[in-house]
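K.L.:
So I've got this file, upload_11.pdb, and it contains PDB, C-alpha atoms:
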ATOM      1  CA  MET S   1     149.966 105.011  18.868  1.00  0.00           C
ATOM      2  CA  ALA S   2     152.364 105.795  21.699  1.00  0.00           C
ATOM      3  CA  GLY S   3     150.831 109.152  22.536  1.00  0.00           C
ATOM      4  CA  TYR S   4     152.557 112.112  24.135  1.00  0.00           C
ATOM      5  CA  VAL S   5     154.327 112.636  27.425  1.00  0.00           C
ATOM      6  CA  PHE S   6     154.178 115.962  29.225  1.00  0.00           C
ATOM      7  CA  SER S   7     157.415 117.273  27.695  1.00  0.00           C
ATOM      8  CA  ASP S   8     156.129 116.536  24.173  1.00  0.00           C
ATOM      9  CA  ILE S   9     153.126 118.776  24.784  1.00  0.00           C
ATOM     10  CA  TYR S  10     154.800 121.760  26.418  1.00  0.00           C
ATOM     11  CA  GLY S  11     157.761 121.530  24.032  1.00  0.00           C
ATOM     12  CA  SER S  12     155.524 121.525  20.968  1.00  0.00           C
ATOM     13  CA  CYS S  13     153.329 124.290  22.351  1.00  0.00           C
ATOM     14  CA  SER S  14     156.308 126.558  23.013  1.00  0.00           C
ATOM     15  CA  LYS S  15     157.515 126.060  19.441  1.00  0.00           C
ATOM     16  CA  ASP S  16     154.037 126.493  17.941  1.00  0.00           C
ATOM     17  CA  CYS S  17     153.610 129.767  19.841  1.00  0.00           C
ATOM     18  CA  GLY S  18     157.081 131.030  18.980  1.00  0.00           C
ATOM     19  CA  ASP S  19     158.549 131.284  22.469  1.00  0.00           C
ATOM     20  CA  THR S  20     160.864 128.581  23.843  1.00  0.00           C
ATOM     21  CA  THR S  21     162.122 130.464  26.899  1.00  0.00           C
ATOM     22  CA  SER S  22     161.989 128.665  30.242  1.00  0.00           C
ATOM     23  CA  SER S  23     159.654 131.257  31.751  1.00  0.00           C
ATOM     24  CA  PHE S  24     157.195 130.810  28.885  1.00  0.00           C
ATOM     25  CA  ILE S  25     157.317 127.023  29.185  1.00  0.00           C
ATOM     26  CA  THR S  26     156.608 127.315  32.914  1.00  0.00           C
ATOM     27  CA  GLU S  27     153.379 129.150  32.117  1.00  0.00           C
ATOM     28  CA  ILE S  28     152.493 126.661  29.390  1.00  0.00           C
ATOM     29  CA  LYS S  29     152.766 123.783  31.867  1.00  0.00           C
ATOM     30  CA  LYS S  30     150.116 125.448  34.033  1.00  0.00           C
ATOM     31  CA  LYS S  31     147.814 125.904  31.042  1.00  0.00           C
ATOM     32  CA  ILE S  32     148.154 122.244  30.030  1.00  0.00           C
ATOM     33  CA  ASN S  33     146.946 121.176  33.466  1.00  0.00           C
ATOM     34  CA  ASP S  34     144.139 123.738  33.275  1.00  0.00           C
ATOM     35  CA  VAL S  35     143.055 122.205  29.976  1.00  0.00           C
ATOM     36  CA  GLY S  36     143.253 118.679  31.404  1.00  0.00           C
ATOM     37  CA  ARG S  37     141.012 119.555  34.330  1.00  0.00           C
ATOM     38  CA  SER S  38     138.556 121.222  31.977  1.00  0.00           C
ATOM     39  CA  LEU S  39     138.419 118.173  29.717  1.00  0.00           C
ATOM     40  CA  PHE S  40     137.678 115.932  32.675  1.00  0.00           C
ATOM     41  CA  GLN S  41     134.662 118.069  33.570  1.00  0.00           C
ATOM     42  CA  ARG S  42     133.086 117.859  30.135  1.00  0.00           C
ATOM     43  CA  MET S  43     131.642 114.360  30.142  1.00  0.00           C
ATOM     44  CA  ASP S  44     131.469 111.074  32.015  1.00  0.00           C
ATOM     45  CA  TYR S  45     134.213 109.483  29.946  1.00  0.00           C
ATOM     46  CA  SER S  46     134.693 105.753  30.504  1.00  0.00           C
ATOM     47  CA  TRP S  47     138.417 106.141  31.127  1.00  0.00           C
ATOM     48  CA  LYS S  48     137.734 108.338  34.165  1.00  0.00           C
ATOM     49  CA  LYS S  49     135.962 105.558  36.047  1.00  0.00           C
ATOM     50  CA  ARG S  50     137.638 103.565  38.798  1.00  0.00           C
ATOM     51  CA  THR S  51     136.582 100.953  41.369  1.00  0.00           C
ATOM     52  CA  ALA S  52     137.938 100.544  44.894  1.00  0.00           C
ATOM     53  CA  ASP S  53     137.141  98.493  47.980  1.00  0.00           C
ATOM     54  CA  LEU S  54     135.441  99.884  51.065  1.00  0.00           C
ATOM     55  CA  THR S  55     136.346  97.521  53.904  1.00  0.00           C
ATOM     56  CA  LEU S  56     133.598  97.623  56.499  1.00  0.00           C
ATOM     57  CA  VAL S  57     134.062  97.280  60.252  1.00  0.00           C
ATOM     58  CA  ALA S  58     131.304  95.529  62.183  1.00  0.00           C
ATOM     59  CA  SER S  59     129.288  97.851  64.442  1.00  0.00           C
ATOM     60  CA  GLN S  60     130.982 100.943  62.944  1.00  0.00           C
ATOM     61  CA  SER S  61     128.639 103.320  61.159  1.00  0.00           C
ATOM     62  CA  TYR S  62     131.188 105.055  58.924  1.00  0.00           C
ATOM     63  CA  LEU S  63     134.378 104.642  56.936  1.00  0.00           C
ATOM     64  CA  ASN S  64     137.010 107.244  56.159  1.00  0.00           C
ATOM     65  CA  MET S  65     137.565 107.685  52.432  1.00  0.00           C
ATOM     66  CA  ALA S  66     141.145 108.930  52.491  1.00  0.00           C
ATOM     67  CA  ASP S  67     142.458 106.454  49.911  1.00  0.00           C
ATOM     68  CA  VAL S  68     139.569 107.010  47.514  1.00  0.00           C
ATOM     69  CA  ALA S  69     139.314 110.757  48.107  1.00  0.00           C
ATOM     70  CA  ALA S  70     142.945 111.203  47.079  1.00  0.00           C
ATOM     71  CA  LEU S  71     141.917 110.211  43.533  1.00  0.00           C
ATOM     72  CA  TRP S  72     138.216 111.041  43.457  1.00  0.00           C
ATOM     73  CA  GLU S  73     136.839 113.967  41.514  1.00  0.00           C
ATOM     74  CA  GLU S  74     134.803 115.347  44.405  1.00  0.00           C
ATOM     75  CA  LEU S  75     132.031 116.911  42.317  1.00  0.00           C
ATOM     76  CA  SER S  76     131.280 113.676  40.475  1.00  0.00           C
ATOM     77  CA  PRO S  77     128.772 110.952  41.417  1.00  0.00           C
ATOM     78  CA  VAL S  78     129.583 107.584  42.946  1.00  0.00           C
ATOM     79  CA  ILE S  79     127.982 104.137  43.280  1.00  0.00           C
ATOM     80  CA  ILE S  80     128.425 101.959  46.337  1.00  0.00           C
ATOM     81  CA  TYR S  81     127.339  98.342  46.034  1.00  0.00           C
ATOM     82  CA  TYR S  82     127.970  94.757  47.097  1.00  0.00           C
ATOM     83  CA  ARG S  83     127.279  91.340  45.638  1.00  0.00           C
ATOM     84  CA  GLY S  84     124.245  89.585  47.111  1.00  0.00           C
ATOM     85  CA  SER S  85     123.813  85.900  47.924  1.00  0.00           C
ATOM     86  CA  ALA S  86     123.113  85.130  44.260  1.00  0.00           C
ATOM     87  CA  ASN S  87     126.052  87.316  43.171  1.00  0.00           C
ATOM     88  CA  GLU S  88     123.624  90.019  42.108  1.00  0.00           C
ATOM     89  CA  ARG S  89     124.719  93.623  42.268  1.00  0.00           C
ATOM     90  CA  VAL S  90     123.023  95.349  45.223  1.00  0.00           C
ATOM     91  CA  VAL S  91     123.336  99.136  44.955  1.00  0.00           C
ATOM     92  CA  LEU S  92     122.998 101.207  48.118  1.00  0.00           C
ATOM     93  CA  GLU S  93     120.797 104.283  48.054  1.00  0.00           C
ATOM     94  CA  ALA S  94     122.481 107.695  48.197  1.00  0.00           C
ATOM     95  CA  TYR S  95     121.064 110.336  50.560  1.00  0.00           C
ATOM     96  CA  ASP S  96     121.728 114.045  50.732  1.00  0.00           C
ATOM     97  CA  ASP S  97     122.112 116.026  53.957  1.00  0.00           C
ATOM     98  CA  GLU S  98     118.406 116.626  54.511  1.00  0.00           C
ATOM     99  CA  GLU S  99     117.319 113.089  53.641  1.00  0.00           C
ATOM    100  CA  TRP S 100     120.005 111.638  55.895  1.00  0.00           C
ATOM    101  CA  GLN S 101     118.372 113.193  58.954  1.00  0.00           C
ATOM    102  CA  ASP S 102     115.373 110.913  58.374  1.00  0.00           C
ATOM    103  CA  GLU S 103     117.196 107.825  57.098  1.00  0.00           C
ATOM    104  CA  GLN S 104     120.063 107.563  59.583  1.00  0.00           C
ATOM    105  CA  ASP S 105     119.590 104.495  61.780  1.00  0.00           C
ATOM    106  CA  ASP S 106     121.979 103.588  64.601  1.00  0.00           C
ATOM    107  CA  ASP S 107     120.638 100.033  64.836  1.00  0.00           C
ATOM    108  CA  GLU S 108     122.764  97.270  63.317  1.00  0.00           C
ATOM    109  CA  GLY S 109     121.730  95.342  60.219  1.00  0.00           C
ATOM    110  CA  ASP S 110     122.194  95.141  56.460  1.00  0.00           C
ATOM    111  CA  PRO S 111     123.021  98.626  55.137  1.00  0.00           C
ATOM    112  CA  TYR S 112     120.719  99.851  52.389  1.00  0.00           C
ATOM    113  CA  GLY S 113     121.864 103.473  52.136  1.00  0.00           C
ATOM    114  CA  TYR S 114     124.772 105.835  52.593  1.00  0.00           C
ATOM    115  CA  HIS S 115     125.661 109.484  52.975  1.00  0.00           C
ATOM    116  CA  ILE S 116     129.007 110.991  51.976  1.00  0.00           C
ATOM    117  CA  THR S 117     130.047 114.030  53.964  1.00  0.00           C
ATOM    118  CA  LYS S 118     133.006 116.227  54.778  1.00  0.00           C
ATOM    119  CA  VAL S 119     131.557 117.752  57.925  1.00  0.00           C
ATOM    120  CA  SER S 120     134.336 116.207  60.023  1.00  0.00           C
ATOM    121  CA  GLY S 121     136.964 117.850  57.793  1.00  0.00           C
ATOM    122  CA  ALA S 122     137.758 114.713  55.816  1.00  0.00           C
ATOM    123  CA  TRP S 123     135.613 112.715  53.417  1.00  0.00           C
ATOM    124  CA  ARG S 124     133.638 109.999  55.168  1.00  0.00           C
ATOM    125  CA  VAL S 125     130.862 107.634  54.107  1.00  0.00           C
ATOM    126  CA  ASN S 126     128.135 106.876  56.667  1.00  0.00           C
ATOM    127  CA  PHE S 127     125.894 103.805  56.405  1.00  0.00           C
ATOM    128  CA  THR S 128     122.330 103.129  57.470  1.00  0.00           C
ATOM    129  CA  PRO S 129     121.749 100.930  59.341  1.00  0.00           C
ATOM    130  CA  VAL S 130     125.122 100.279  60.989  1.00  0.00           C
ATOM    131  CA  PRO S 131     126.794  97.220  59.380  1.00  0.00           C
ATOM    132  CA  SER S 132     126.270  94.141  61.551  1.00  0.00           C
ATOM    133  CA  ALA S 133     128.897  91.464  62.119  1.00  0.00           C
ATOM    134  CA  ASN S 134     126.830  89.056  60.018  1.00  0.00           C
ATOM    135  CA  PHE S 135     126.651  91.487  57.096  1.00  0.00           C
ATOM    136  CA  VAL S 136     130.373  92.216  57.275  1.00  0.00           C
ATOM    137  CA  SER S 137     131.157  88.499  57.350  1.00  0.00           C
ATOM    138  CA  ASN S 138     129.047  87.810  54.263  1.00  0.00           C
ATOM    139  CA  TYR S 139     129.529  90.889  52.080  1.00  0.00           C
ATOM    140  CA  ASN S 140     132.765  92.654  53.002  1.00  0.00           C
ATOM    141  CA  PRO S 141     134.254  94.607  51.268  1.00  0.00           C
ATOM    142  CA  LEU S 142     131.784  96.880  49.519  1.00  0.00           C
ATOM    143  CA  LYS S 143     132.724  98.350  46.156  1.00  0.00           C
ATOM    144  CA  ILE S 144     132.752 102.042  45.316  1.00  0.00           C
ATOM    145  CA  GLU S 145     132.753 103.215  41.707  1.00  0.00           C
ATOM    146  CA  TYR S 146     133.919 106.756  41.199  1.00  0.00           C
ATOM    147  CA  GLN S 147     135.373 109.129  38.636  1.00  0.00           C
ATOM    148  CA  LYS S 148     139.017 110.014  39.094  1.00  0.00           C
ATOM    149  CA  MET S 149     140.239 113.556  39.080  1.00  0.00           C
ATOM    150  CA  TRP S 150     142.805 114.867  36.619  1.00  0.00           C
ATOM    151  CA  THR S 151     146.345 113.909  37.627  1.00  0.00           C
ATOM    152  CA  GLU S 152     148.406 117.100  37.667  1.00  0.00           C
ATOM    153  CA  LEU S 153     151.355 116.814  35.265  1.00  0.00           C
ATOM    154  CA  SER S 154     154.789 117.824  36.532  1.00  0.00           C
ATOM    155  CA  ASP S 155     157.250 115.089  35.538  1.00  0.00           C
ATOM    156  CA  PRO S 156     158.387 115.650  31.911  1.00  0.00           C
ATOM    157  CA  ALA S 157     157.897 111.916  31.272  1.00  0.00           C
ATOM    158  CA  ALA S 158     154.375 111.810  32.764  1.00  0.00           C
ATOM    159  CA  VAL S 159     151.613 110.410  30.554  1.00  0.00           C
ATOM    160  CA  PRO S 160     148.376 112.470  30.508  1.00  0.00           C
ATOM    161  CA  ASP S 161     145.117 110.982  31.853  1.00  0.00           C
ATOM    162  CA  LEU S 162     143.537 111.009  28.419  1.00  0.00           C
ATOM    163  CA  SER S 163     142.904 108.448  25.711  1.00  0.00           C
ATOM    164  CA  THR S 164     146.356 107.928  24.166  1.00  0.00           C
ATOM    165  CA  SER S 165     145.231 108.492  20.603  1.00  0.00           C
ATOM    166  CA  HIS S 166     143.849 111.906  21.573  1.00  0.00           C
ATOM    167  CA  HIS S 167     146.750 113.391  23.521  1.00  0.00           C
ATOM    168  CA  GLN S 168     147.074 115.978  20.758  1.00  0.00           C
ATOM    169  CA  LEU S 169     143.814 117.484  22.026  1.00  0.00           C
ATOM    170  CA  LEU S 170     145.754 118.802  25.017  1.00  0.00           C
ATOM    171  CA  LEU S 171     148.250 120.412  22.676  1.00  0.00           C
ATOM    172  CA  TYR S 172     145.660 121.973  20.365  1.00  0.00           C
ATOM    173  CA  ARG S 173     143.524 123.358  23.185  1.00  0.00           C
ATOM    174  CA  THR S 174     146.561 124.710  25.041  1.00  0.00           C
ATOM    175  CA  ASN S 175     147.796 126.382  21.864  1.00  0.00           C
ATOM    176  CA  GLU S 176     144.385 127.975  21.454  1.00  0.00           C
ATOM    177  CA  ILE S 177     144.383 129.394  24.976  1.00  0.00           C
ATOM    178  CA  VAL S 178     147.988 130.599  24.837  1.00  0.00           C
ATOM    179  CA  SER S 179     147.369 132.257  21.460  1.00  0.00           C
ATOM    180  CA  ILE S 180     144.423 134.141  22.946  1.00  0.00           C
ATOM    181  CA  ILE S 181     146.562 135.315  25.850  1.00  0.00           C
ATOM    182  CA  MET S 182     149.256 136.465  23.416  1.00  0.00           C
ATOM    183  CA  GLY S 183     146.672 138.399  21.398  1.00  0.00           C
ATOM    184  CA  ASP S 184     147.144 136.226  18.300  1.00  0.00           C
ATOM    185  CA  THR S 185     143.497 135.932  17.314  1.00  0.00           C
ATOM    186  CA  GLU S 186     144.147 134.334  13.936  1.00  0.00           C
ATOM    187  CA  SER S 187     146.206 131.506  15.447  1.00  0.00           C
ATOM    188  CA  ALA S 188     143.710 131.064  18.273  1.00  0.00           C
ATOM    189  CA  ILE S 189     140.895 130.537  15.757  1.00  0.00           C
ATOM    190  CA  ALA S 190     142.960 128.012  13.830  1.00  0.00           C
ATOM    191  CA  TRP S 191     143.940 126.049  16.929  1.00  0.00           C
ATOM    192  CA  LYS S 192     140.355 126.125  18.197  1.00  0.00           C
ATOM    193  CA  ALA S 193     139.207 124.502  14.970  1.00  0.00           C
ATOM    194  CA  GLU S 194     141.778 121.729  15.392  1.00  0.00           C
ATOM    195  CA  ALA S 195     140.886 121.255  19.056  1.00  0.00           C
ATOM    196  CA  ASP S 196     137.131 121.176  18.379  1.00  0.00           C
ATOM    197  CA  LYS S 197     137.633 118.577  15.659  1.00  0.00           C
ATOM    198  CA  GLU S 198     139.733 116.421  17.977  1.00  0.00           C
ATOM    199  CA  GLN S 199     137.208 116.857  20.772  1.00  0.00           C
ATOM    200  CA  GLY S 200     134.473 115.687  18.435  1.00  0.00           C
ATOM    201  CA  LEU S 201     136.446 112.587  17.484  1.00  0.00           C
ATOM    202  CA  LEU S 202     137.074 111.785  21.133  1.00  0.00           C
ATOM    203  CA  ASN S 203     133.391 112.138  22.007  1.00  0.00           C
ATOM    204  CA  LYS S 204     132.335 110.065  19.006  1.00  0.00           C
ATOM    205  CA  LYS S 205     134.725 107.288  19.963  1.00  0.00           C
ATOM    206  CA  GLN S 206     133.327 107.276  23.493  1.00  0.00           C
ATOM    207  CA  VAL S 207     129.770 107.108  22.207  1.00  0.00           C
ATOM    208  CA  ASN S 208     130.538 104.175  19.910  1.00  0.00           C
ATOM    209  CA  ARG S 209     133.023 102.291  22.095  1.00  0.00           C
ATOM    210  CA  LEU S 210     130.563  99.420  22.685  1.00  0.00           C
ATOM    211  CA  GLY S 211     129.998  98.956  18.977  1.00  0.00           C
ATOM    212  CA  ARG S 212     126.442 100.255  19.217  1.00  0.00           C
ATOM    213  CA  PRO S 213     124.813 103.629  19.825  1.00  0.00           C
ATOM    214  CA  HIS S 214     125.518 104.703  23.385  1.00  0.00           C
ATOM    215  CA  LYS S 215     124.675 108.048  24.907  1.00  0.00           C
ATOM    216  CA  VAL S 216     127.442 109.985  26.640  1.00  0.00           C
ATOM    217  CA  TYR S 217     126.064 112.154  29.403  1.00  0.00           C
ATOM    218  CA  PRO S 218     127.501 115.529  30.276  1.00  0.00           C
ATOM    219  CA  SER S 219     129.129 115.578  33.695  1.00  0.00           C
ATOM    220  CA  ALA S 220     126.335 115.265  36.242  1.00  0.00           C
ATOM    221  CA  HIS S 221     125.189 118.075  38.462  1.00  0.00           C
ATOM    222  CA  LEU S 222     124.659 117.360  42.140  1.00  0.00           C
ATOM    223  CA  ASN S 223     121.482 115.413  42.684  1.00  0.00           C
ATOM    224  CA  ALA S 224     121.259 112.977  45.545  1.00  0.00           C
ATOM    225  CA  ARG S 225     119.037 110.638  43.555  1.00  0.00           C
ATOM    226  CA  GLY S 226     121.500 110.458  40.698  1.00  0.00           C
ATOM    227  CA  PRO S 227     121.161 111.691  37.100  1.00  0.00           C
ATOM    228  CA  ARG S 228     119.809 108.319  35.981  1.00  0.00           C
ATOM    229  CA  GLY S 229     118.259 105.258  37.569  1.00  0.00           C
ATOM    230  CA  ALA S 230     119.735 102.552  39.782  1.00  0.00           C
ATOM    231  CA  GLY S 231     122.866 100.981  38.396  1.00  0.00           C
ATOM    232  CA  HIS S 232     124.245 104.266  37.109  1.00  0.00           C
ATOM    233  CA  PHE S 233     126.465 106.657  38.990  1.00  0.00           C
ATOM    234  CA  ARG S 234     124.613 108.291  41.827  1.00  0.00           C
ATOM    235  CA  ASP S 235     125.391 111.697  43.197  1.00  0.00           C
ATOM    236  CA  TYR S 236     126.200 112.627  46.750  1.00  0.00           C
ATOM    237  CA  ASN S 237     125.808 115.761  48.738  1.00  0.00           C
ATOM    238  CA  ARG S 238     128.306 117.196  51.190  1.00  0.00           C
TER     239      ARG S 238
END
Please lay out the structure from this file as structure tokens.
P.N.:
Amino acid sequence: MAGYVFSDIYGSCSKDCGDTTSSFITEIKKKINDVGRSLFQRMDYSWKKRTADLTLVASQSYLNMADVAALWEELSPVIIYYRGSANERVVLEAYDDEEWQDEQDDDEGDPYGYHITKVSGAWRVNFTPVPSANFVSNYNPLKIEYQKMWTELSDPAAVPDLSTSHHQLLLYRTNEIVSIIMGDTESAIAWKAEADKEQGLLNKKQVNRLGRPHKVYPSAHLNARGPRGAGHFRDYNR
């Protein structure tokens, strides 16, 4: 299935709602992006997850996260890890603001923990202890796993950040919201039913994507220790 592009969704919505004027379509475009952001907040969908490198600098206690932060959904958890000498996955411990006061270590060595903060005005990850030259030589770069934010749609040919076979969910949910705004309760109820059904199919597909029962967690709340144990996404605190 090819899926929809942005113009397919706002064009169909304008027709479904009975108003194809340019001013109406402008408002619809905003609602589609509102719906997209809302969908991204619902669950930890697999297609939201990304991995990037964090290139360490010997004797430097922090790294700026500008490249990652441009894509990162800031209120979602992250994992930072490296591959050990036996290629095992070594996950660094996440610390919140209060814990960091006790854990921060300016000595150099093999980092075991990190703290993500925006105190300086830009997102930065601090390490404890400070990465030594030996550690950097052996284990650089670290890996950061994160959940991407919704990509705002503006180009008519843009493809939504959503499983291709479920692009119609954006249309159904947008139609529901627009119908409510227009005071068309009957249509809003009908579109809600379609959207809820499509949402259910999307969630079910995510749950069963490995071919076996697999729990899908709601989007995590902030918790420096992470919503689940080591190896899962850990949270951060500002």
K.L.:
For S:Val130, work out the shell of residues within 6 Å, counting all atoms listed in the file and skipping chain neighbours fewer than 5 positions away, then give it as a PyMOL selection string.
P.N.:
chain S and resi 59+61+106-108
K.L.:
Please save C-alpha atoms of the selected residues as a CSV table (one decimal), in the coordinates of the input.
P.N.:
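The result, stored in part_32.csv:
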chain,number,residue,atom,x,y,z
S,59,SER,CA,129.3,97.9,64.4
S,61,SER,CA,128.6,103.3,61.2
S,106,ASP,CA,122.0,103.6,64.6
S,107,ASP,CA,120.6,100.0,64.8
S,108,GLU,CA,122.8,97.3,63.3
K.L.:
Could you spell out the hits of the PyMOL selection byres ((chain S and resi 122) around 9) on the shown file, as a compact mmCIF listing (two decimals) with C-alpha atoms, in the coordinates of the input?
P.N.:
# COMPACT_ATOMS: atom_id res chain seq x y z
CA ASN S 64 137.01 107.24 56.16
CA MET S 65 137.56 107.68 52.43
CA ALA S 66 141.15 108.93 52.49
CA ALA S 69 139.31 110.76 48.11
CA THR S 117 130.05 114.03 53.96
CA LYS S 118 133.01 116.23 54.78
CA VAL S 119 131.56 117.75 57.92
CA SER S 120 134.34 116.21 60.02
CA GLY S 121 136.96 117.85 57.79
CA TRP S 123 135.61 112.72 53.42
CA ARG S 124 133.64 110.00 55.17
K.L.:
Quick one: residues within 6 Å of S:Ile144, all atoms listed in the file, excluding same-chain residues fewer than 2 positions away - as a list of chain:residue names?
P.N.:
S:Thr51, S:Ala52, S:Ile79, S:Ile80
K.L.:
Just the residues within 9 Å of stretch 162-165 of chain S, please, counting only C-alpha atoms, with nothing from its chain fewer than 2 positions along; format it as a PDB file with C-alpha atoms, in the coordinates of the input.
P.N.:
ATOM      1  CA  MET S   1     149.966 105.011  18.868  1.00  0.00           C
ATOM      2  CA  ALA S   2     152.364 105.795  21.699  1.00  0.00           C
ATOM      3  CA  GLY S   3     150.831 109.152  22.536  1.00  0.00           C
ATOM      4  CA  TYR S   4     152.557 112.112  24.135  1.00  0.00           C
ATOM      5  CA  GLY S  36     143.253 118.679  31.404  1.00  0.00           C
ATOM      6  CA  LEU S  39     138.419 118.173  29.717  1.00  0.00           C
ATOM      7  CA  PHE S  40     137.678 115.932  32.675  1.00  0.00           C
ATOM      8  CA  TRP S  47     138.417 106.141  31.127  1.00  0.00           C
ATOM      9  CA  LYS S  48     137.734 108.338  34.165  1.00  0.00           C
ATOM     10  CA  VAL S 159     151.613 110.410  30.554  1.00  0.00           C
ATOM     11  CA  PRO S 160     148.376 112.470  30.508  1.00  0.00           C
ATOM     12  CA  HIS S 167     146.750 113.391  23.521  1.00  0.00           C
ATOM     13  CA  GLN S 168     147.074 115.978  20.758  1.00  0.00           C
ATOM     14  CA  LEU S 170     145.754 118.802  25.017  1.00  0.00           C
ATOM     15  CA  LEU S 202     137.074 111.785  21.133  1.00  0.00           C
TER      16      LEU S 202
END
K.L.:
In Å, rounded to a single decimal, give me how far atom CA of S:Lys49 is from atom CA of S:Glu74.
P.N.:
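For atom CA of S:Glu74 relative to atom CA of S:Lys49, the distance reads 12.9 Å.
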K.L.:
Mind checking which residues fall within 7 Å of S:Thr55, counting only C-alpha atoms, ignoring those fewer than 4 positions away in the same chain, and posting them as a list in words?
P.N.:
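Counting only the stated atoms, we get Asn140, Pro141 and Leu142 of chain S.
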K.L.:
For each of S:Gln206, S:Ser38, S:Thr20, S:Gln60, take the minimum atom-to-atom distance to S:Ala133, counting all atoms listed in the file, then give the residue where this is smallest.
P.N.:
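Nearest candidate to S:Ala133 out of S:Gln206, S:Ser38, S:Thr20, S:Gln60: S:Gln60.
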K.L.:
Got a sec: who's within 12 Å of S:Glu194, counting only C-alpha atoms, leaving out chain neighbours fewer than 2 positions off, as a VMD selection string?
P.N.:
chain S and resid 166 168 to 176 187 to 192 196 to 201
K.L.:
Which value, in Å to one decimal, gives the distance between atom CA of S:Ile28 and atom CA of S:Ala193?
P.N.:
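Interatomic distance, atom CA of S:Ile28 to atom CA of S:Ala193: 19.7 Å.
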K.L.:
Mind pulling up the distance from atom CA of S:Val78 to atom CA of S:Phe127?
P.N.:
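Distance reported for this atom pair: 14.5 Å.
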K.L.:
Which residue out of S:Lys31, S:Arg37, S:Arg42, S:Lys143 has the minimum interatomic distance to S:Leu92 when only C-alpha atoms are used?
P.N.:
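The closest residue to S:Leu92 is S:Lys143.
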K.L.:
Between S:Lys29, S:Asp16, S:Val57, S:Asn126, which is the closest to S:Asp155 once you count only C-alpha atoms?
P.N.:
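Among the listed residues, the smallest separation from S:Asp155 belongs to S:Lys29.
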K.L.:
Given the choices S:Asp105, S:Glu73, S:Asp97, S:Glu88, which gets closest to S:Glu145 if the distance is worked out from only C-alpha atoms?
P.N.:
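Closest candidate: S:Glu73.
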K.L.:
My list of candidates is S:Thr26, S:Ser7, S:Thr21, S:Asn33. Which is closest to S:Thr151 when distances are computed with all atoms listed in the file?
P.N.:
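Checking each of S:Thr26, S:Ser7, S:Thr21, S:Asn33 against S:Thr151, counting all atoms listed in the file, the winner is S:Asn33.
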K.L.:
Specify as a ChimeraX atom specification each residue included when the PyMOL selection byres ((chain S and resi 6) around 6) is applied to this file.
P.N.:
/S:5,7-9,156-158
K.L.:
Looking at all atoms listed in the file, which of S:Asp44, S:Asp161, S:Glu27, S:Asp110 is the one that sits closest to S:Val178?
P.N.:
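Of the candidates, the smallest distance to S:Val178 is held by S:Glu27.
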K.L.:
Can you put N, CA and C atoms back into stretch 151-162 of chain S and show it as a short mmCIF file (atom, residue, chain, number, x, y, z; two decimals), in the frame of the given file?
P.N.:
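In the end it all went to result.cif:
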data_model
loop_
_atom_site.label_atom_id
_atom_site.label_comp_id
_atom_site.auth_asym_id
_atom_site.auth_seq_id
_atom_site.Cartn_x
_atom_site.Cartn_y
_atom_site.Cartn_z
N THR S 151 145.05 114.00 36.97
CA THR S 151 146.34 113.91 37.63
C THR S 151 147.23 115.05 37.14
N GLU S 152 147.59 115.95 38.04
CA GLU S 152 148.41 117.10 37.67
C GLU S 152 149.75 116.64 37.10
N LEU S 153 150.11 117.18 35.94
CA LEU S 153 151.35 116.81 35.26
C LEU S 153 152.50 117.70 35.76
N SER S 154 153.60 117.08 36.14
CA SER S 154 154.79 117.82 36.53
C SER S 154 156.06 117.15 36.00
N ASP S 155 156.12 115.84 36.06
CA ASP S 155 157.25 115.09 35.54
C ASP S 155 157.24 115.17 34.01
N PRO S 156 158.34 115.56 33.38
CA PRO S 156 158.39 115.65 31.91
C PRO S 156 157.99 114.35 31.22
N ALA S 157 158.21 113.22 31.88
CA ALA S 157 157.90 111.92 31.27
C ALA S 157 156.50 111.42 31.63
N ALA S 158 155.71 112.23 32.34
CA ALA S 158 154.38 111.81 32.76
C ALA S 158 153.45 111.67 31.57
N VAL S 159 152.59 110.65 31.62
CA VAL S 159 151.61 110.41 30.55
C VAL S 159 150.27 111.00 30.97
N PRO S 160 149.64 111.83 30.14
CA PRO S 160 148.38 112.47 30.51
C PRO S 160 147.25 111.46 30.70
N ASP S 161 146.31 111.80 31.61
CA ASP S 161 145.12 110.98 31.85
C ASP S 161 144.10 111.24 30.75
N LEU S 162 144.40 110.78 29.57
CA LEU S 162 143.54 111.01 28.42
C LEU S 162 143.78 109.88 27.45
#
